[in-house]
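Pasted below: structure_16.cif, mmCIF, C-alpha atoms.
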```
data_data
#
loop_
_atom_site.label_atom_id
_atom_site.label_comp_id
_atom_site.auth_asym_id
_atom_site.auth_seq_id
_atom_site.Cartn_x
_atom_site.Cartn_y
_atom_site.Cartn_z
CA MET A 11 6.34 -19.25 0.92
CA ARG A 12 5.72 -15.49 0.80
CA MET A 13 4.05 -15.86 -2.62
CA LYS A 14 1.70 -18.52 -1.23
CA ASN A 15 0.71 -16.15 1.59
CA PHE A 16 0.24 -13.37 -0.93
CA VAL A 17 -2.08 -15.49 -3.08
CA GLN A 18 -4.09 -16.61 -0.06
CA THR A 19 -4.39 -13.06 1.19
CA ALA A 20 -5.33 -11.76 -2.25
CA LEU A 21 -8.09 -14.35 -2.53
CA ALA A 22 -9.36 -13.51 0.94
CA GLY A 23 -9.34 -9.83 0.00
CA LEU A 24 -11.32 -10.48 -3.15
CA LEU A 25 -13.91 -12.40 -1.16
CA ALA A 26 -14.12 -9.55 1.31
CA LEU A 27 -14.89 -7.08 -1.47
CA GLY A 28 -18.46 -8.24 -1.45
CA LEU A 29 -18.72 -7.43 2.25
CA VAL A 30 -16.55 -4.35 2.50
CA GLY A 31 -16.71 -1.18 0.43
CA GLY A 32 -13.90 0.06 -1.76
CA SER A 33 -12.31 2.50 0.67
CA ALA A 34 -8.84 2.45 2.13
CA LEU A 35 -10.53 2.28 5.52
CA ALA A 36 -11.28 -1.35 4.69
CA GLN A 37 -7.61 -2.11 5.34
CA SER A 38 -6.73 -5.67 6.16
CA ASP A 39 -4.71 -6.49 9.23
CA GLU A 40 -2.03 -7.82 6.91
CA CYS A 41 0.81 -5.41 6.37
CA LEU A 42 4.27 -6.28 5.12
CA SER A 43 7.42 -5.99 7.19
CA LYS A 44 10.08 -3.55 6.01
CA ARG A 45 12.16 -6.54 4.89
CA ASP A 46 9.26 -8.00 2.86
CA ILE A 47 8.63 -4.59 1.27
CA GLN A 48 12.29 -4.36 0.24
CA GLU A 49 12.38 -7.92 -1.13
CA MET A 50 9.13 -7.55 -3.05
CA THR A 51 10.19 -4.18 -4.45
CA ASP A 52 13.58 -5.57 -5.49
CA SER A 53 11.89 -8.52 -7.23
CA GLY A 54 9.40 -6.28 -9.06
CA GLU A 55 6.33 -7.59 -7.21
CA LEU A 56 5.74 -4.06 -5.86
CA VAL A 57 6.36 -0.73 -7.55
CA GLN A 58 8.75 1.71 -5.90
CA LEU A 59 7.02 4.23 -3.65
CA SER A 60 8.49 7.08 -5.70
CA GLN A 61 6.95 5.59 -8.87
CA ALA A 62 3.57 5.13 -7.20
CA LEU A 63 3.64 8.71 -5.94
CA ALA A 64 4.65 10.12 -9.34
CA ALA A 65 1.94 8.11 -11.13
CA SER A 66 -0.72 9.33 -8.69
CA GLY A 67 0.01 13.02 -9.20
CA VAL A 68 -0.08 13.59 -5.44
CA GLU A 69 2.01 16.63 -4.47
CA GLY A 70 4.03 16.74 -1.28
CA LYS A 71 6.74 15.09 0.73
CA ILE A 72 6.39 11.57 2.10
CA ILE A 73 6.69 11.33 5.87
CA SER A 74 8.92 8.27 5.82
CA SER A 75 8.28 7.06 9.36
CA GLN A 76 4.64 6.46 8.44
CA VAL A 77 5.12 4.30 5.31
CA LYS A 78 3.38 0.90 5.21
CA VAL A 79 2.36 -1.60 2.56
CA CYS A 80 -0.88 -3.34 3.47
CA MET A 81 -3.50 -5.44 1.74
CA VAL A 82 -6.46 -3.17 0.90
CA ASP A 83 -9.41 -4.53 -1.05
CA GLY A 84 -7.35 -7.49 -2.25
CA GLN A 85 -4.37 -5.47 -3.49
CA TRP A 86 -1.12 -4.31 -1.94
CA GLN A 87 -1.27 -0.57 -1.32
CA TRP A 88 1.27 1.95 -0.07
CA LEU A 89 -0.23 3.71 2.97
CA VAL A 90 1.65 6.95 3.51
CA ASN A 91 1.33 10.37 5.01
CA VAL A 92 2.18 13.25 2.69
CA MET A 93 3.07 16.75 3.87
CA ASP A 94 2.31 19.66 1.54
CA ASP A 95 4.17 22.99 1.24
CA THR A 96 2.11 24.53 4.03
CA GLY A 97 3.04 21.77 6.50
CA GLU A 98 -0.36 20.08 6.41
CA SER A 99 -0.25 16.31 6.22
CA ARG A 100 -2.79 13.83 4.99
CA ALA A 101 -3.08 10.08 4.60
CA VAL A 102 -2.75 8.79 1.04
CA THR A 103 -3.23 5.30 -0.38
CA LEU A 104 -1.26 4.45 -3.53
CA PRO A 105 -1.32 1.24 -5.59
CA ALA A 106 1.79 -0.85 -4.90
CA GLN A 107 1.21 -3.37 -7.71
#
```
Since I need it in another form, could you write the structure as structure tokens?
Amino acid sequence: MRMKNFVQTALAGLLALGLVGGSALAQSDECLSKRDIQEMTDSGELVQLSQALAASGVEGKIISSQVKVCMVDGQWQWLVNVMDDTGESRAVTLPAQ
């Protein structure tokens, strides 16, 4: 059932690409629950947040209370806030697939 919803959402996201630019601000209203994130990560449908962060080269500490996985431009993306060494935080979008 979840896979069917994923496919439908992915298709809708791809259609929206023609209407919406490629920025993370074009976030869909569809975000996964913490349970869905865990299940999809365990099954390999999503990459671990730590892997996505390492692959991106983004420096800093994840502010865990702000972590989401949402459909952005037809793909699941980690939406996180990262705090740097000086205490400044910023929003970061990382590929989750």
Selection result for the PyMOL selection byres ((chain A and resi 104) around 9) on this file, as a PDB file with C-alpha atoms, keeping the file's coordinate frame:
```pdb
ATOM      1  CA  LEU A  59       7.020   4.230  -3.650  1.00  0.00           C
ATOM      2  CA  ALA A  62       3.570   5.130  -7.200  1.00  0.00           C
ATOM      3  CA  LEU A  63       3.640   8.710  -5.940  1.00  0.00           C
ATOM      4  CA  SER A  66      -0.720   9.330  -8.690  1.00  0.00           C
ATOM      5  CA  TRP A  86      -1.120  -4.310  -1.940  1.00  0.00           C
ATOM      6  CA  GLN A  87      -1.270  -0.570  -1.320  1.00  0.00           C
ATOM      7  CA  TRP A  88       1.270   1.950  -0.070  1.00  0.00           C
ATOM      8  CA  LEU A  89      -0.230   3.710   2.970  1.00  0.00           C
ATOM      9  CA  VAL A  90       1.650   6.950   3.510  1.00  0.00           C
ATOM     10  CA  VAL A 102      -2.750   8.790   1.040  1.00  0.00           C
ATOM     11  CA  THR A 103      -3.230   5.300  -0.380  1.00  0.00           C
ATOM     12  CA  PRO A 105      -1.320   1.240  -5.590  1.00  0.00           C
ATOM     13  CA  ALA A 106       1.790  -0.850  -4.900  1.00  0.00           C
TER      14      ALA A 106
END
```
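Using all atoms listed in the file, the shortest contact distance between A:Ser99 and any of A:Val82, A:Ile72, A:Val77, A:Ala64 is found at A:Ile72.
The interatomic distance for the pair atom CA of A:Arg100 and atom CA of A:Gly67 works out to 14.5 Å.
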Atomic separation - atom CA of A:Ser74 relative to atom CA of A:Glu98, Å |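 Between atom CA of A:Glu98 and atom CA of A:Ser74 the gap works out to 15.0 Å.
Of note, atom CA of A:Lys71 and atom CA of A:Val92 are spaced 5.3 Å apart.
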So which one's closest to A:Thr51, A:Ala101, A:Gly70, A:Val79, A:Asn91? Using only C-alpha atoms, please.
->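 Nearest candidate to A:Thr51 out of A:Ala101, A:Gly70, A:Val79, A:Asn91: A:Val79.
Of the residues listed (A:Gln76, A:Ser53, A:Gln85, A:Thr96), A:Gln85 shows the shortest atom-to-atom separation from A:Glu40; distances use all atoms listed in the file.
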Extending 3 Å beyond the listed atoms of stretch 60-79 of chain A on each side, what axis-aligned box results? I want centre and edge lengths in Å to one decimal, as JSON.
```
{"center_x": 4.1, "center_y": 7.6, "center_z": -0.9, "size_x": 15.6, "size_y": 24.3, "size_z": 26.5}
```
Of the listed residues A:Val68, A:Met81, A:Ile73, A:Leu56, that which approaches A:Cys41 most closely, counting all atoms listed in the file = A:Met81
